[in-house]
>>> print(open('my_file_30.cif').read())   # mmCIF, C-alpha atoms, pLDDT in the B column; chains and numbers go by the auth columns
data_input
#
loop_
_atom_site.group_PDB
_atom_site.id
_atom_site.type_symbol
_atom_site.label_atom_id
_atom_site.label_comp_id
_atom_site.label_asym_id
_atom_site.label_seq_id
_atom_site.Cartn_x
_atom_site.Cartn_y
_atom_site.Cartn_z
_atom_site.B_iso_or_equiv
_atom_site.auth_seq_id
_atom_site.auth_asym_id
ATOM 1 C CA GLU A 1 68.807 84.518 53.459 47.00 119 A
ATOM 2 C CA ASN A 2 70.792 87.707 54.038 45.00 120 A
ATOM 3 C CA THR A 3 74.026 85.703 54.186 45.00 121 A
ATOM 4 C CA GLY A 4 73.163 83.953 50.926 46.00 122 A
ATOM 5 C CA ASP A 5 72.362 87.264 49.268 49.00 123 A
ATOM 6 C CA MET A 6 75.695 88.733 50.386 45.00 124 A
ATOM 7 C CA HIS A 7 77.673 85.779 49.008 44.00 125 A
ATOM 8 C CA GLY A 8 75.683 85.956 45.797 46.00 126 A
ATOM 9 C CA ALA A 9 76.486 89.648 45.467 43.00 127 A
ATOM 10 C CA LEU A 10 80.141 88.864 46.013 40.00 128 A
ATOM 11 C CA ARG A 11 80.127 86.284 43.237 43.00 129 A
ATOM 12 C CA VAL A 12 78.475 88.739 40.859 40.00 130 A
ATOM 13 C CA ASP A 13 81.089 91.395 41.701 43.00 131 A
ATOM 14 C CA VAL A 14 83.937 88.955 41.117 40.00 132 A
ATOM 15 C CA ALA A 15 82.467 87.876 37.780 42.00 133 A
ATOM 16 C CA ARG A 16 82.221 91.492 36.638 43.00 134 A
ATOM 17 C CA GLY A 17 85.783 92.256 37.734 42.00 135 A
ATOM 18 C CA VAL A 18 84.618 94.847 40.249 41.00 136 A
ATOM 19 C CA PRO A 19 86.736 95.289 43.400 42.00 137 A
ATOM 20 C CA VAL A 20 85.042 93.512 46.278 40.00 138 A
ATOM 21 C CA ALA A 21 86.765 95.246 49.190 42.00 139 A
ATOM 22 C CA GLN A 22 83.446 96.887 49.983 42.00 140 A
ATOM 23 C CA GLY A 23 81.887 93.538 50.827 42.00 141 A
ATOM 24 C CA VAL A 24 84.779 91.670 52.514 42.00 142 A
ATOM 25 C CA PRO A 25 83.817 90.976 56.122 45.00 143 A
ATOM 26 C CA VAL A 26 86.047 92.141 58.982 44.00 144 A
ATOM 27 C CA GLN A 27 86.092 90.415 62.334 46.00 145 A
ATOM 28 C CA ALA A 28 85.273 92.791 65.211 44.00 146 A
ATOM 29 C CA GLY A 29 84.579 91.250 68.583 43.00 147 A
ATOM 30 C CA GLY A 30 83.465 87.937 67.109 44.00 148 A
ATOM 31 C CA SER A 31 81.061 89.473 64.582 44.00 149 A
ATOM 32 C CA SER A 32 81.580 90.219 60.890 45.00 150 A
ATOM 33 C CA VAL A 33 81.518 93.845 59.805 43.00 151 A
ATOM 34 C CA ALA A 34 81.766 94.818 56.146 46.00 152 A
ATOM 35 C CA GLN A 35 84.693 96.992 55.207 45.00 153 A
ATOM 36 C CA GLY A 36 83.745 100.469 54.162 45.00 154 A
ATOM 37 C CA SER A 37 80.858 100.604 56.604 45.00 155 A
ATOM 38 C CA PRO A 38 80.833 103.255 59.364 45.00 156 A
ATOM 39 C CA VAL A 39 81.549 100.598 61.993 43.00 157 A
ATOM 40 C CA ALA A 40 84.565 99.265 60.106 44.00 158 A
ATOM 41 C CA ALA A 41 85.846 102.790 59.564 45.00 159 A
ATOM 42 C CA GLY A 42 85.566 103.460 63.293 46.00 160 A
ATOM 43 C CA ILE A 43 87.471 100.262 64.117 45.00 161 A
ATOM 44 C CA ALA A 44 90.289 101.146 61.724 47.00 162 A
ATOM 45 C CA ALA A 45 90.476 104.675 63.099 47.00 163 A
ATOM 46 C CA GLY A 46 90.583 103.317 66.634 47.00 164 A
ATOM 47 C CA ARG A 47 93.489 101.006 65.820 51.00 165 A
ATOM 48 C CA THR A 48 95.400 103.809 64.115 52.00 166 A
ATOM 49 C CA GLY A 49 94.744 106.170 67.023 54.00 167 A
ATOM 50 C CA SER A 50 95.838 103.540 69.520 62.00 168 A
ATOM 51 C CA GLY A 51 99.198 103.080 67.805 68.00 169 A
ATOM 52 C CA ALA A 52 99.811 106.828 67.622 74.00 170 A
ATOM 53 C CA ALA A 53 98.856 107.278 71.265 69.00 171 A
ATOM 54 C CA GLN A 54 101.220 104.505 72.369 75.00 172 A
ATOM 55 C CA GLN A 55 104.090 105.984 70.348 81.00 173 A
ATOM 56 C CA SER A 56 103.499 109.419 71.867 81.00 174 A
ATOM 57 C CA LEU A 57 103.306 107.852 75.319 81.00 175 A
ATOM 58 C CA ARG A 58 106.682 106.146 74.863 86.00 176 A
ATOM 59 C CA SER A 59 108.285 109.420 73.750 88.00 177 A
ATOM 60 C CA ASP A 60 106.912 111.269 76.773 89.00 178 A
ATOM 61 C CA CYS A 61 108.078 108.476 79.062 89.00 179 A
ATOM 62 C CA LEU A 62 111.633 108.846 77.765 92.00 180 A
ATOM 63 C CA CYS A 63 111.431 112.533 78.583 92.00 181 A
ATOM 64 C CA LEU A 64 110.012 111.662 82.008 92.00 182 A
ATOM 65 C CA LEU A 65 112.908 109.299 82.672 93.00 183 A
ATOM 66 C CA LEU A 66 115.554 111.856 81.661 94.00 184 A
ATOM 67 C CA LEU A 67 114.010 114.518 83.895 93.00 185 A
ATOM 68 C CA SER A 68 113.581 112.132 86.838 93.00 186 A
ATOM 69 C CA LEU A 69 117.175 110.869 86.922 94.00 187 A
ATOM 70 C CA PRO A 70 118.684 114.162 88.234 92.00 188 A
ATOM 71 C CA GLN A 71 115.996 114.150 90.955 92.00 189 A
ATOM 72 C CA ALA A 72 116.310 110.476 91.862 91.00 190 A
ATOM 73 C CA ARG A 73 116.862 111.310 95.553 91.00 191 A
ATOM 74 C CA THR A 74 113.488 113.005 95.779 92.00 192 A
ATOM 75 C CA LEU A 75 110.165 111.204 95.965 93.00 193 A
ATOM 76 C CA GLN A 76 108.887 112.678 92.718 93.00 194 A
ATOM 77 C CA GLY A 77 112.081 111.681 90.914 93.00 195 A
ATOM 78 C CA PHE A 78 111.913 108.137 92.257 94.00 196 A
ATOM 79 C CA LEU A 79 108.265 107.770 91.253 93.00 197 A
ATOM 80 C CA GLY A 80 109.019 109.207 87.817 93.00 198 A
ATOM 81 C CA ILE A 81 111.767 106.620 87.238 94.00 199 A
ATOM 82 C CA VAL A 82 109.531 103.764 88.380 92.00 200 A
ATOM 83 C CA VAL A 83 106.591 104.834 86.205 90.00 201 A
ATOM 84 C CA ALA A 84 108.791 105.496 83.162 91.00 202 A
ATOM 85 C CA PHE A 85 110.480 102.092 83.379 90.00 203 A
ATOM 86 C CA THR A 86 107.105 100.398 83.935 87.00 204 A
ATOM 87 C CA ILE A 87 105.562 101.953 80.830 85.00 205 A
ATOM 88 C CA LEU A 88 108.648 101.472 78.651 86.00 206 A
ATOM 89 C CA TYR A 89 109.103 97.845 79.715 85.00 207 A
ATOM 90 C CA SER A 90 105.412 96.967 79.477 79.00 208 A
ATOM 91 C CA PRO A 91 103.613 99.609 77.408 70.00 209 A
ATOM 92 C CA PRO A 92 99.904 99.900 78.279 67.00 210 A
ATOM 93 C CA SER A 93 97.479 99.196 75.487 59.00 211 A
ATOM 94 C CA THR A 94 93.795 99.704 74.932 51.00 212 A
ATOM 95 C CA ARG A 95 93.246 95.980 75.565 54.00 213 A
ATOM 96 C CA GLN A 96 94.380 96.235 79.147 54.00 214 A
ATOM 97 C CA SER A 97 92.017 96.933 81.995 58.00 215 A
ATOM 98 C CA SER A 98 91.217 100.506 82.892 66.00 216 A
ATOM 99 C CA SER A 99 92.443 99.863 86.432 74.00 217 A
ATOM 100 C CA ARG A 100 96.119 99.803 85.402 76.00 218 A
ATOM 101 C CA LEU A 101 95.740 102.934 83.328 75.00 219 A
ATOM 102 C CA GLY A 102 93.993 104.570 86.262 79.00 220 A
ATOM 103 C CA VAL A 103 96.854 103.636 88.607 84.00 221 A
ATOM 104 C CA LEU A 104 99.386 105.163 86.214 83.00 222 A
ATOM 105 C CA ARG A 105 97.368 108.364 86.063 84.00 223 A
ATOM 106 C CA ALA A 106 97.195 108.456 89.871 89.00 224 A
ATOM 107 C CA PHE A 107 100.996 108.222 90.074 90.00 225 A
ATOM 108 C CA MET A 108 101.304 111.020 87.535 90.00 226 A
ATOM 109 C CA SER A 109 98.993 113.216 89.607 91.00 227 A
ATOM 110 C CA LEU A 110 101.084 112.508 92.714 94.00 228 A
ATOM 111 C CA ILE A 111 104.277 113.451 90.869 93.00 229 A
ATOM 112 C CA GLN A 112 102.689 116.714 89.741 93.00 230 A
ATOM 113 C CA VAL A 113 101.688 117.579 93.318 95.00 231 A
ATOM 114 C CA LEU A 114 105.178 116.814 94.637 94.00 232 A
ATOM 115 C CA CYS A 115 106.764 118.893 91.869 94.00 233 A
ATOM 116 C CA ALA A 116 104.465 121.815 92.661 94.00 234 A
ATOM 117 C CA LEU A 117 105.513 121.632 96.325 95.00 235 A
ATOM 118 C CA ALA A 118 109.183 121.557 95.293 93.00 236 A
ATOM 119 C CA ILE A 119 108.681 124.650 93.122 93.00 237 A
ATOM 120 C CA LEU A 120 107.022 126.500 95.998 94.00 238 A
ATOM 121 C CA ARG A 121 109.866 125.493 98.307 92.00 239 A
ATOM 122 C CA SER A 122 112.420 126.863 95.831 90.00 240 A
ATOM 123 C CA CYS A 123 110.515 130.144 95.536 90.00 241 A
ATOM 124 C CA PHE A 124 110.319 130.520 99.319 90.00 242 A
ATOM 125 C CA SER A 125 114.045 129.780 99.636 86.00 243 A
ATOM 126 C CA LEU A 126 114.940 132.458 97.093 84.00 244 A
ATOM 127 C CA ALA A 127 112.626 134.975 98.772 84.00 245 A
ATOM 128 C CA HIS A 128 114.142 134.237 102.182 81.00 246 A
ATOM 129 C CA ILE A 129 117.708 134.631 100.904 78.00 247 A
ATOM 130 C CA SER A 130 116.905 137.931 99.193 75.00 248 A
ATOM 131 C CA LYS A 131 115.258 139.370 102.319 77.00 249 A
ATOM 132 C CA HIS A 132 117.527 137.796 104.939 73.00 250 A
ATOM 133 C CA PRO A 133 120.904 137.076 103.381 72.00 251 A
ATOM 134 C CA PRO A 134 123.234 135.009 105.559 74.00 252 A
ATOM 135 C CA GLU A 135 125.892 136.927 107.430 75.00 253 A
ATOM 136 C CA ILE A 136 129.278 135.938 108.772 78.00 254 A
ATOM 137 C CA CYS A 137 131.022 137.601 111.677 83.00 255 A
ATOM 138 C CA SER A 138 134.140 136.307 113.439 84.00 256 A
ATOM 139 C CA ASN A 139 137.465 137.575 114.704 85.00 257 A
ATOM 140 C CA THR A 140 139.699 134.714 113.644 85.00 258 A
ATOM 141 C CA CYS A 141 142.066 136.834 111.582 84.00 259 A
ATOM 142 C CA LEU A 142 145.570 137.421 113.047 83.00 260 A
ATOM 143 C CA THR A 143 145.224 141.167 112.619 80.00 261 A
ATOM 144 C CA ALA A 144 141.640 141.387 113.872 82.00 262 A
ATOM 145 C CA SER A 145 140.680 144.113 116.342 81.00 263 A
ATOM 146 C CA ASP A 146 143.616 146.334 115.407 82.00 264 A
ATOM 147 C CA GLY A 147 141.459 149.338 114.596 82.00 265 A
ATOM 148 C CA GLU A 148 141.620 148.867 110.824 83.00 266 A
ATOM 149 C CA CYS A 149 139.404 146.745 108.604 86.00 267 A
ATOM 150 C CA ASP A 150 141.458 143.965 107.056 82.00 268 A
ATOM 151 C CA ASP A 151 138.933 141.471 105.608 80.00 269 A
ATOM 152 C CA ALA A 152 139.124 142.599 101.945 76.00 270 A
ATOM 153 C CA GLY A 153 135.553 143.812 101.969 78.00 271 A
ATOM 154 C CA GLY A 154 134.163 146.810 100.164 73.00 272 A
ATOM 155 C CA ASP A 155 135.308 149.351 102.786 75.00 273 A
ATOM 156 C CA SER A 156 138.385 147.534 104.078 78.00 274 A
ATOM 157 C CA VAL A 157 141.796 149.134 104.338 80.00 275 A
ATOM 158 C CA TYR A 158 143.775 145.940 103.871 78.00 276 A
ATOM 159 C CA ASP A 159 143.045 142.515 102.430 79.00 277 A
ATOM 160 C CA THR A 160 145.129 140.384 104.774 81.00 278 A
ATOM 161 C CA CYS A 161 142.063 138.559 106.180 82.00 279 A
ATOM 162 C CA SER A 162 139.250 136.523 104.763 82.00 280 A
ATOM 163 C CA LEU A 163 135.849 138.096 104.383 81.00 281 A
ATOM 164 C CA GLY A 164 134.031 138.322 107.706 81.00 282 A
ATOM 165 C CA THR A 165 136.986 137.362 109.908 85.00 283 A
ATOM 166 C CA ASP A 166 137.600 140.897 111.261 83.00 284 A
ATOM 167 C CA CYS A 167 134.149 141.567 112.641 85.00 285 A
ATOM 168 C CA VAL A 168 135.238 144.095 115.307 84.00 286 A
ATOM 169 C CA ASP A 169 136.776 146.440 112.752 83.00 287 A
ATOM 170 C CA CYS A 170 134.630 145.681 109.685 84.00 288 A
ATOM 171 C CA GLY A 171 131.316 144.537 111.087 82.00 289 A
ATOM 172 C CA SER A 172 129.332 141.551 109.829 79.00 290 A
ATOM 173 C CA ARG A 173 129.555 140.678 106.180 79.00 291 A
ATOM 174 C CA VAL A 174 126.913 139.211 103.918 73.00 292 A
ATOM 175 C CA TYR A 175 127.910 135.670 103.036 70.00 293 A
ATOM 176 C CA TYR A 176 126.297 135.164 99.646 63.00 294 A
ATOM 177 C CA ARG A 177 126.948 131.986 97.683 66.00 295 A
ATOM 178 C CA GLU A 178 125.946 132.247 94.035 69.00 296 A
ATOM 179 C CA ALA A 179 126.330 128.478 93.632 66.00 297 A
ATOM 180 C CA PHE A 180 123.651 127.865 96.264 74.00 298 A
ATOM 181 C CA VAL A 181 121.217 130.239 94.540 78.00 299 A
ATOM 182 C CA PHE A 182 121.993 128.617 91.195 83.00 300 A
ATOM 183 C CA PHE A 183 121.243 125.201 92.709 83.00 301 A
ATOM 184 C CA ILE A 184 117.872 126.418 93.982 85.00 302 A
ATOM 185 C CA VAL A 185 116.951 127.869 90.588 87.00 303 A
ATOM 186 C CA VAL A 186 117.982 124.723 88.703 89.00 304 A
ATOM 187 C CA THR A 187 116.061 122.529 91.149 89.00 305 A
ATOM 188 C CA GLY A 188 112.933 124.602 90.632 91.00 306 A
ATOM 189 C CA LEU A 189 113.261 124.468 86.843 92.00 307 A
ATOM 190 C CA LEU A 190 113.768 120.695 86.906 92.00 308 A
ATOM 191 C CA SER A 191 110.697 120.292 89.085 93.00 309 A
ATOM 192 C CA LEU A 192 108.681 122.463 86.697 93.00 310 A
ATOM 193 C CA SER A 193 109.835 120.455 83.682 93.00 311 A
ATOM 194 C CA LEU A 194 109.053 117.180 85.436 93.00 312 A
ATOM 195 C CA MET A 195 105.582 118.419 86.356 93.00 313 A
ATOM 196 C CA VAL A 196 104.825 119.373 82.746 93.00 314 A
ATOM 197 C CA CYS A 197 106.116 116.031 81.454 92.00 315 A
ATOM 198 C CA ALA A 198 104.077 114.123 84.044 91.00 316 A
ATOM 199 C CA ALA A 199 100.985 116.025 82.921 91.00 317 A
ATOM 200 C CA ARG A 200 101.673 115.004 79.315 89.00 318 A
ATOM 201 C CA VAL A 201 102.042 111.346 80.293 88.00 319 A
ATOM 202 C CA SER A 202 98.791 111.564 82.232 86.00 320 A
ATOM 203 C CA LEU A 203 97.027 112.984 79.159 87.00 321 A
ATOM 204 C CA ARG A 204 98.432 110.215 76.953 83.00 322 A
ATOM 205 C CA THR A 205 97.213 107.604 79.428 81.00 323 A
ATOM 206 C CA ARG A 206 93.783 109.219 79.470 81.00 324 A
ATOM 207 C CA ALA A 207 93.718 109.067 75.672 78.00 325 A
ATOM 208 C CA LEU A 208 94.368 105.319 75.820 75.00 326 A
ATOM 209 C CA GLN A 209 91.473 104.941 78.247 72.00 327 A
ATOM 210 C CA LEU A 210 89.151 106.809 75.874 77.00 328 A
ATOM 211 C CA LEU A 211 90.288 104.663 72.943 74.00 329 A
ATOM 212 C CA GLN A 212 89.614 101.581 75.040 68.00 330 A
ATOM 213 C CA LEU A 213 86.060 102.740 75.673 70.00 331 A
ATOM 214 C CA MET A 214 85.595 103.507 71.979 72.00 332 A
ATOM 215 C CA GLN A 215 86.778 100.070 70.895 65.00 333 A
ATOM 216 C CA ALA A 216 84.610 98.412 73.547 65.00 334 A
ATOM 217 C CA SER A 217 81.549 100.267 72.296 66.00 335 A
ATOM 218 C CA GLU A 218 82.360 99.361 68.672 58.00 336 A
ATOM 219 C CA THR A 219 82.704 95.726 69.651 58.00 337 A
ATOM 220 C CA LEU A 220 79.266 95.802 71.204 53.00 338 A
ATOM 221 C CA VAL A 221 77.883 97.310 68.003 52.00 339 A
#
>>> encode(input="my_file_30.cif", output="structure tokens")
Amino acid sequence: ENTGDMHGALRVDVARGVPVAQGVPVQAGGSSVAQGSPVAAGIAAGRTGSGAAQQSLRSDCLCLLLLSLPQARTLQGFLGIVVAFTILYSPPSTRQSSSRLGVLRAFMSLIQVLCALAILRSCFSLAHISKHPPEICSNTCLTASDGECDDAGGDSVYDTCSLGTDCVDCGSRVYYREAFVFFIVVTGLLSLSLMVCAARVSLRTRALQLLQLMQASETLV
């Protein structure tokens, strides 16, 4: 009787020239839901949110790939490349099982842990170099041990020798490579950027899981 009443109401609306979008049924999980109802509004919002979440996830994965390529020789860089290619080649959707989304989130958590360890290692390396700078001391210069400092250091008399090659006359010299320190700093910054990007991808994946649960609950309704 309810079905007959609904069709009768539709015919009356059509005869009067009234828009009937309010009564057009929408398929949701095998059952008909009228458009304009709270359930239909929730389904439409879920579909819109799913598309936006997938687009944001693809953008973050491109960022993850770009940040992982310079660190491809590290474990976190390798995992970042694998995860980024996996998501870009086969984007996860809310229709997929939660197990795959959970695996992706687990990989993202592992990448974040590895990046945090790399950042700590860079900080410890910089602290060690600042407190214990490397020194060089040899007597390989031709004019070494002649009573005058010849290694072109700060207190040298002559500059006929390379730095640290007249150790008897000049003493040990601090061998400080700016390029090495720059490499440590850049490595730490790349690890930090990769960790932040991995966290964003993990949040996007979590959002897809929540949308999946929402759509499943709406289907049951």
>>> residues_around(input="my_file_30.cif", residues="Tyr276 (chain A)", least_positions_apart="5", cutoff="8 Å", atoms="all atoms listed in the file", output="list in words")
Glu266, Cys267, Asp268, Asp269 and Ala270 of chain A
>>> resolve_selection(input="my_file_30.cif", expression="the PyMOL selection byres ((chain A and resi 303) around 12)", output="ChimeraX atom specification")
/A:236-245,296-302,304-310
>>> write_last_selection(input="my_file_30.cif", atoms="C-alpha atoms", output="PDB file, in the frame of the given file")
ATOM      1  CA  ALA A 236     109.183 121.557  95.293  1.00 93.00           C
ATOM      2  CA  ILE A 237     108.681 124.650  93.122  1.00 93.00           C
ATOM      3  CA  LEU A 238     107.022 126.500  95.998  1.00 94.00           C
ATOM      4  CA  ARG A 239     109.866 125.493  98.307  1.00 92.00           C
ATOM      5  CA  SER A 240     112.420 126.863  95.831  1.00 90.00           C
ATOM      6  CA  CYS A 241     110.515 130.144  95.536  1.00 90.00           C
ATOM      7  CA  PHE A 242     110.319 130.520  99.319  1.00 90.00           C
ATOM      8  CA  SER A 243     114.045 129.780  99.636  1.00 86.00           C
ATOM      9  CA  LEU A 244     114.940 132.458  97.093  1.00 84.00           C
ATOM     10  CA  ALA A 245     112.626 134.975  98.772  1.00 84.00           C
ATOM     11  CA  GLU A 296     125.946 132.247  94.035  1.00 69.00           C
ATOM     12  CA  ALA A 297     126.330 128.478  93.632  1.00 66.00           C
ATOM     13  CA  PHE A 298     123.651 127.865  96.264  1.00 74.00           C
ATOM     14  CA  VAL A 299     121.217 130.239  94.540  1.00 78.00           C
ATOM     15  CA  PHE A 300     121.993 128.617  91.195  1.00 83.00           C
ATOM     16  CA  PHE A 301     121.243 125.201  92.709  1.00 83.00           C
ATOM     17  CA  ILE A 302     117.872 126.418  93.982  1.00 85.00           C
ATOM     18  CA  VAL A 304     117.982 124.723  88.703  1.00 89.00           C
ATOM     19  CA  THR A 305     116.061 122.529  91.149  1.00 89.00           C
ATOM     20  CA  GLY A 306     112.933 124.602  90.632  1.00 91.00           C
ATOM     21  CA  LEU A 307     113.261 124.468  86.843  1.00 92.00           C
ATOM     22  CA  LEU A 308     113.768 120.695  86.906  1.00 92.00           C
ATOM     23  CA  SER A 309     110.697 120.292  89.085  1.00 93.00           C
ATOM     24  CA  LEU A 310     108.681 122.463  86.697  1.00 93.00           C
TER      25      LEU A 310
END
>>> resolve_selection(input="my_file_30.cif", expression="the PyMOL selection byres ((chain A and resi 259-265) around 7)", output="PyMOL selection string")
chain A and resi 257-258+266-267+279+283-284+286-287
>>> closest_residue(input="my_file_30.cif", among="A:Cys288, A:Ala317, A:Leu329, A:Leu182", to="Gly198 (chain A)", atoms="only C-alpha atoms")
A:Leu182
>>> resolve_selection(input="my_file_30.cif", expression="the PyMOL selection byres ((chain A and resi 253) around 10)", output="list in words")
His250, Pro251, Pro252, Ile254, Cys255, Gly282, Ser290, Arg291, Val292, Tyr293 and Tyr294 of chain A
>>> atom_distance(input="my_file_30.cif", atom1="CA of Ala224 (chain A)", atom2="CA of Val319 (chain A)")
11.1 Å
>>> axis_aligned_box(input="my_file_30.cif", around="region 306-323 of chain A", padding_each_side="3 Å", output="lines of an AutoDock Vina configuration file")
center_x = 105.4
center_y = 116.1
center_z = 83.8
size_x = 22.7
size_y = 23.0
size_z = 19.7
>>> atom_distance(input="my_file_30.cif", atom1="CA of Gln230 (chain A)", atom2="CA of Arg176 (chain A)")
18.7 Å
>>> closest_residue(input="my_file_30.cif", among="A:Cys285, A:Leu175, A:Ala190, A:Leu312", to="Cys233 (chain A)", atoms="all atoms listed in the file")
A:Leu312
>>> closest_residue(input="my_file_30.cif", among="A:Ser217, A:Thr192, A:Thr204, A:Thr278", to="Leu180 (chain A)", atoms="all atoms listed in the file")
A:Thr204
>>> closest_residue(input="my_file_30.cif", among="A:Leu331, A:Leu232, A:Cys179, A:Ala316", to="Ser208 (chain A)", atoms="all atoms listed in the file")
A:Cys179
>>> atom_distance(input="my_file_30.cif", atom1="CA of Leu197 (chain A)", atom2="CA of Ala170 (chain A)")
25.1 Å
>>> build_atoms(input="my_file_30.cif", residues="region 235-242 of chain A", atoms="all heavy atoms", output="mmCIF file, in the coordinates of the input")
data_model
loop_
_atom_site.group_PDB
_atom_site.id
_atom_site.type_symbol
_atom_site.label_atom_id
_atom_site.label_comp_id
_atom_site.auth_asym_id
_atom_site.auth_seq_id
_atom_site.Cartn_x
_atom_site.Cartn_y
_atom_site.Cartn_z
ATOM 1 N N LEU A 235 104.997 121.313 94.991
ATOM 2 C CA LEU A 235 105.513 121.632 96.325
ATOM 3 C C LEU A 235 106.998 121.981 96.268
ATOM 4 O O LEU A 235 107.469 122.893 96.969
ATOM 5 C CB LEU A 235 105.283 120.455 97.263
ATOM 6 C CG LEU A 235 103.815 120.133 97.598
ATOM 7 C CD1 LEU A 235 103.734 118.887 98.479
ATOM 8 C CD2 LEU A 235 103.153 121.317 98.287
ATOM 9 N N ALA A 236 107.756 121.259 95.432
ATOM 10 C CA ALA A 236 109.183 121.557 95.293
ATOM 11 C C ALA A 236 109.404 122.941 94.684
ATOM 12 O O ALA A 236 110.319 123.675 95.082
ATOM 13 C CB ALA A 236 109.861 120.488 94.440
ATOM 14 N N ILE A 237 108.563 123.318 93.724
ATOM 15 C CA ILE A 237 108.681 124.650 93.122
ATOM 16 C C ILE A 237 108.378 125.738 94.151
ATOM 17 O O ILE A 237 109.091 126.754 94.246
ATOM 18 C CB ILE A 237 107.746 124.762 91.918
ATOM 19 C CG1 ILE A 237 108.196 123.815 90.798
ATOM 20 C CG2 ILE A 237 107.687 126.186 91.400
ATOM 21 C CD1 ILE A 237 107.220 123.704 89.655
ATOM 22 N N LEU A 238 107.345 125.533 94.941
ATOM 23 C CA LEU A 238 107.022 126.500 95.998
ATOM 24 C C LEU A 238 108.153 126.609 97.009
ATOM 25 O O LEU A 238 108.491 127.710 97.469
ATOM 26 C CB LEU A 238 105.718 126.094 96.687
ATOM 27 C CG LEU A 238 104.431 126.237 95.867
ATOM 28 C CD1 LEU A 238 103.236 125.727 96.652
ATOM 29 C CD2 LEU A 238 104.218 127.690 95.454
ATOM 30 N N ARG A 239 108.755 125.475 97.360
ATOM 31 C CA ARG A 239 109.866 125.493 98.307
ATOM 32 C C ARG A 239 111.060 126.276 97.739
ATOM 33 O O ARG A 239 111.715 127.037 98.460
ATOM 34 C CB ARG A 239 110.278 124.070 98.658
ATOM 35 C CG ARG A 239 111.357 123.985 99.713
ATOM 36 C CD ARG A 239 111.519 122.575 100.240
ATOM 37 N NE ARG A 239 111.827 121.635 99.184
ATOM 38 C CZ ARG A 239 111.000 120.693 98.729
ATOM 39 N NH1 ARG A 239 109.784 120.596 99.243
ATOM 40 N NH2 ARG A 239 111.360 119.865 97.771
ATOM 41 N N SER A 240 111.324 126.112 96.455
ATOM 42 C CA SER A 240 112.420 126.863 95.831
ATOM 43 C C SER A 240 112.130 128.356 95.823
ATOM 44 O O SER A 240 113.023 129.177 96.089
ATOM 45 C CB SER A 240 112.635 126.356 94.400
ATOM 46 O OG SER A 240 113.016 125.000 94.385
ATOM 47 N N CYS A 241 110.882 128.725 95.533
ATOM 48 C CA CYS A 241 110.515 130.144 95.536
ATOM 49 C C CYS A 241 110.650 130.748 96.928
ATOM 50 O O CYS A 241 111.168 131.871 97.092
ATOM 51 C CB CYS A 241 109.090 130.312 95.009
ATOM 52 S SG CYS A 241 108.879 129.887 93.271
ATOM 53 N N PHE A 242 110.204 130.022 97.948
ATOM 54 C CA PHE A 242 110.319 130.520 99.319
ATOM 55 C C PHE A 242 111.784 130.648 99.737
ATOM 56 O O PHE A 242 112.161 131.590 100.447
ATOM 57 C CB PHE A 242 109.574 129.609 100.286
ATOM 58 C CG PHE A 242 108.080 129.740 100.214
ATOM 59 C CD1 PHE A 242 107.258 128.630 100.304
ATOM 60 C CD2 PHE A 242 107.486 130.981 100.049
ATOM 61 C CE1 PHE A 242 105.880 128.752 100.233
ATOM 62 C CE2 PHE A 242 106.101 131.122 99.979
ATOM 63 C CZ PHE A 242 105.303 130.000 100.067
#
